[in-house]
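Q: Dropping a structure here in structure tokens format, bear with me for questions.
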Amino acid sequence: SDNNTQFTGGTTTFGNNYVYLKGTGTALTIASGAAWTGNVTVQASAANLSFVNNGTFTNMSSTNQIYGGGQTGFVFTNNGTVNGSGGTLYVGNGGSDIIVNGSGGTISANGGSIYLGYNSGATVANAGALVATGASSTLYLGTSNSPWTSAGTITATSGGTVDFGGSFPTADLSGTVYGAGGTLNITGTLNNLSSVLAAPTSGIFTLAGGTISKGTVNGNALIFGGSGGTLDGVLM
């Protein structure tokens with residue numbers, strides 16, 4: 001367990017471990033010169049705890065999580081790099097989990113899968129870079145009714161896939177979204193009221209089981225995937 005602990009350097013390798021956060025405030029910090037890698041889950045054991053990554057956190061295998069474990073007020077802030085290089089990593093899972101990717105942070109599915117904001121109640125705010133790169137790599141942004149916002153960049157490349165799930169406004173797709181060489185799936189609910197869904201900076205959006213509600217969709221912005229989807233009051 002970690003109680004207001006800092007890892008200041010070197011590489012710590014895990015082989016199927018759990019790290020339980022205790023204490024108050026920032027229970028765990030990975031500093032900019034430190035790295036965690038392997039197979040590890042980080043879980044809060046009390047309310048209102050936070051975990052800050054300024055270094056590198058890499059999930060190499062199996063299914064792991066960074067989450068509040070049902071405790072209220074858990075916050076994970078990434079100012080460094082989170083890699084999903086194998087297996088599946090859930091970052092935020094229900095409850096009132098808050099996930100913040102800072103302006104200098106990168107969260108990258110690069111050989112595995114990453115779920116950001118899994119299940120209702122979890123929220124995601126991206127000011128940095130979200131990336132899916134490689135044919136076996138998927139980054140799931142929001143699921144169920146979980147809300148998210150993005151003022152940063154979102155990229156799917158080299159066969160990688162980004163799934164836009166949860167519930168989100170068009171404004172979060174109007175910035176720097178890159179899909180050349182990758183897939184940008186709309187799987188959640190896009191609120192396009194009084195808005196225009198334009199094409200991403202590169203590539204094209206795919207409606208893949210999601211819903212687009214109201215507004216206008218430009219002709220070069222969207223294609224329809226095999227799983228279809230719902231257009232609710234949309235002008236094409």
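We label chains A, B, ... in the order they appear in the structure tokens, count residues from 1 in each chain, and number ligands from 1 in the order shown.
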Hey, what's within 12 Å of Lys214 in chain A if we count only C-alpha atoms and toss same-chain stuff fewer than 2 positions away? As a ChimeraX atom specification, please?
A: /A:169-170,189-197,211-212,216-217,230-236
Q: Give me the residues near range 174-184 of chain A as a tab-separated table (two decimals) with C-alpha atoms, in the first residue's frame, where near means some atom within 7 Å (using only C-alpha atoms) and where sequence neighbours in that chain fewer than 3 positions away do not count.
A:
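Here's the written file result.tsv:
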```
chain	number	residue	atom	x	y	z
A	153	THR	CA	-5.07	16.24	-29.51
A	154	ILE	CA	-6.56	12.84	-30.36
A	155	THR	CA	-4.77	10.61	-32.86
A	156	ALA	CA	-5.40	7.23	-34.47
A	157	THR	CA	-2.53	6.10	-36.66
A	158	SER	CA	-0.73	3.07	-38.10
A	159	GLY	CA	-3.87	0.93	-37.83
A	160	GLY	CA	-4.85	2.11	-34.35
A	161	THR	CA	-8.45	2.85	-33.36
A	162	VAL	CA	-9.98	5.54	-31.16
A	163	ASP	CA	-13.57	4.90	-30.04
A	170	THR	CA	-19.26	18.42	-31.14
A	171	ALA	CA	-16.81	20.98	-29.78
A	198	ALA	CA	-16.71	18.79	-39.85
A	200	PRO	CA	-11.20	15.73	-38.59
A	201	THR	CA	-7.85	17.34	-39.28
A	202	SER	CA	-7.00	14.15	-41.17
A	203	GLY	CA	-8.97	10.99	-41.89
A	204	ILE	CA	-12.74	10.62	-41.42
A	205	PHE	CA	-15.17	9.70	-38.64
A	206	THR	CA	-17.00	6.36	-38.73
```
Q: Near Ala127 in chain A, within 12 Å and counting only C-alpha atoms, which residues show up once chain neighbours fewer than 3 positions away are dropped, as a ChimeraX atom specification?
A: /A:77-79,99-107,124,130,148-154,172,175-176
Q: Tell me, in Å to one decimal, how far CA of Leu89 in chain A is from CA of Leu173 in chain A.
A: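 Going from CA of Leu89 in chain A over to CA of Leu173 in chain A, I get 23.7 Å.
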Q: Taking only C-alpha atoms into account, name the residue in A:Ser108, A:Thr187, A:Asn83, A:Asn64 that is nearest to Thr143 in chain A.
A: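 Residue with the minimum atom-to-atom distance to Thr143 in chain A: A:Thr187.
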Q: Restricting the calculation to only C-alpha atoms: of A:Thr81, A:Gln71, A:Gly210, A:Asn4, which residue gets closest to Gly33 in chain A?
A: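 With only C-alpha atoms as the atom set, the closest residue is A:Thr81.
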Q: Can you tell me, as number ranges by chain, what residues are no more than 8 Å from range 113-121 of chain A when counting only C-alpha atoms, ignoring any on the same chain fewer than 2 positions away?
A: A: 84-99, 108-111, 123-124, 136-148
Q: Tell me which of A:Gly55, A:Gly38, A:Gly25, A:Gly73 sits closest to Gly9 in chain A, counting only C-alpha atoms.
A: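 Ranking A:Gly55, A:Gly38, A:Gly25, A:Gly73 by distance to Gly9 in chain A, first place goes to A:Gly55.
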Q: For Val42 in chain A, which of A:Asn220, A:Thr12, A:Gln65, A:Ser213 is the closest residue, counting only C-alpha atoms?
A: A:Gln65
Q: Skip Thr8 in chain A itself and residues of its chain fewer than 5 positions away, then list as a ChimeraX atom specification all residues within 10 Å of it, counting only C-alpha atoms.
A: /A:29-35,54-55
Q: Please extract the residues of range 7-211 of chain A with a backbone DSSP assignment of strand (DSSP E) and present them as a PyMOL selection string.
A: chain A and resi 7+10-22+25-30+34-44+49-53+56-59+63-67+75-78+81-84+88-93+98-101+106-109+113-118+123-126+129-133+138-141+148-150+153-157+161-164+167-169+176-178+183-186+189-191+196-197+205-207+211
Q: For each of A:Ile186, A:Val82, A:Val75, A:Leu49, take the minimum atom-to-atom distance to Gly209 in chain A, counting only C-alpha atoms, then give the residue where this is smallest.
A: A:Ile186
Q: Considering only C-alpha atoms, state which residue in the set A:Thr41, A:Ser50, A:Gln6, A:Asn59 is at the smallest distance from Lys22 in chain A.
A: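 Checking each candidate against Lys22 in chain A, we get A:Ser50 as the closest.
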Q: Tell me, in Å to one decimal, how far CA of Ala129 in chain A is from CA of Phe168 in chain A.
A: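 Answer for the CA of Ala129 in chain A to CA of Phe168 in chain A separation: 17.5 Å.
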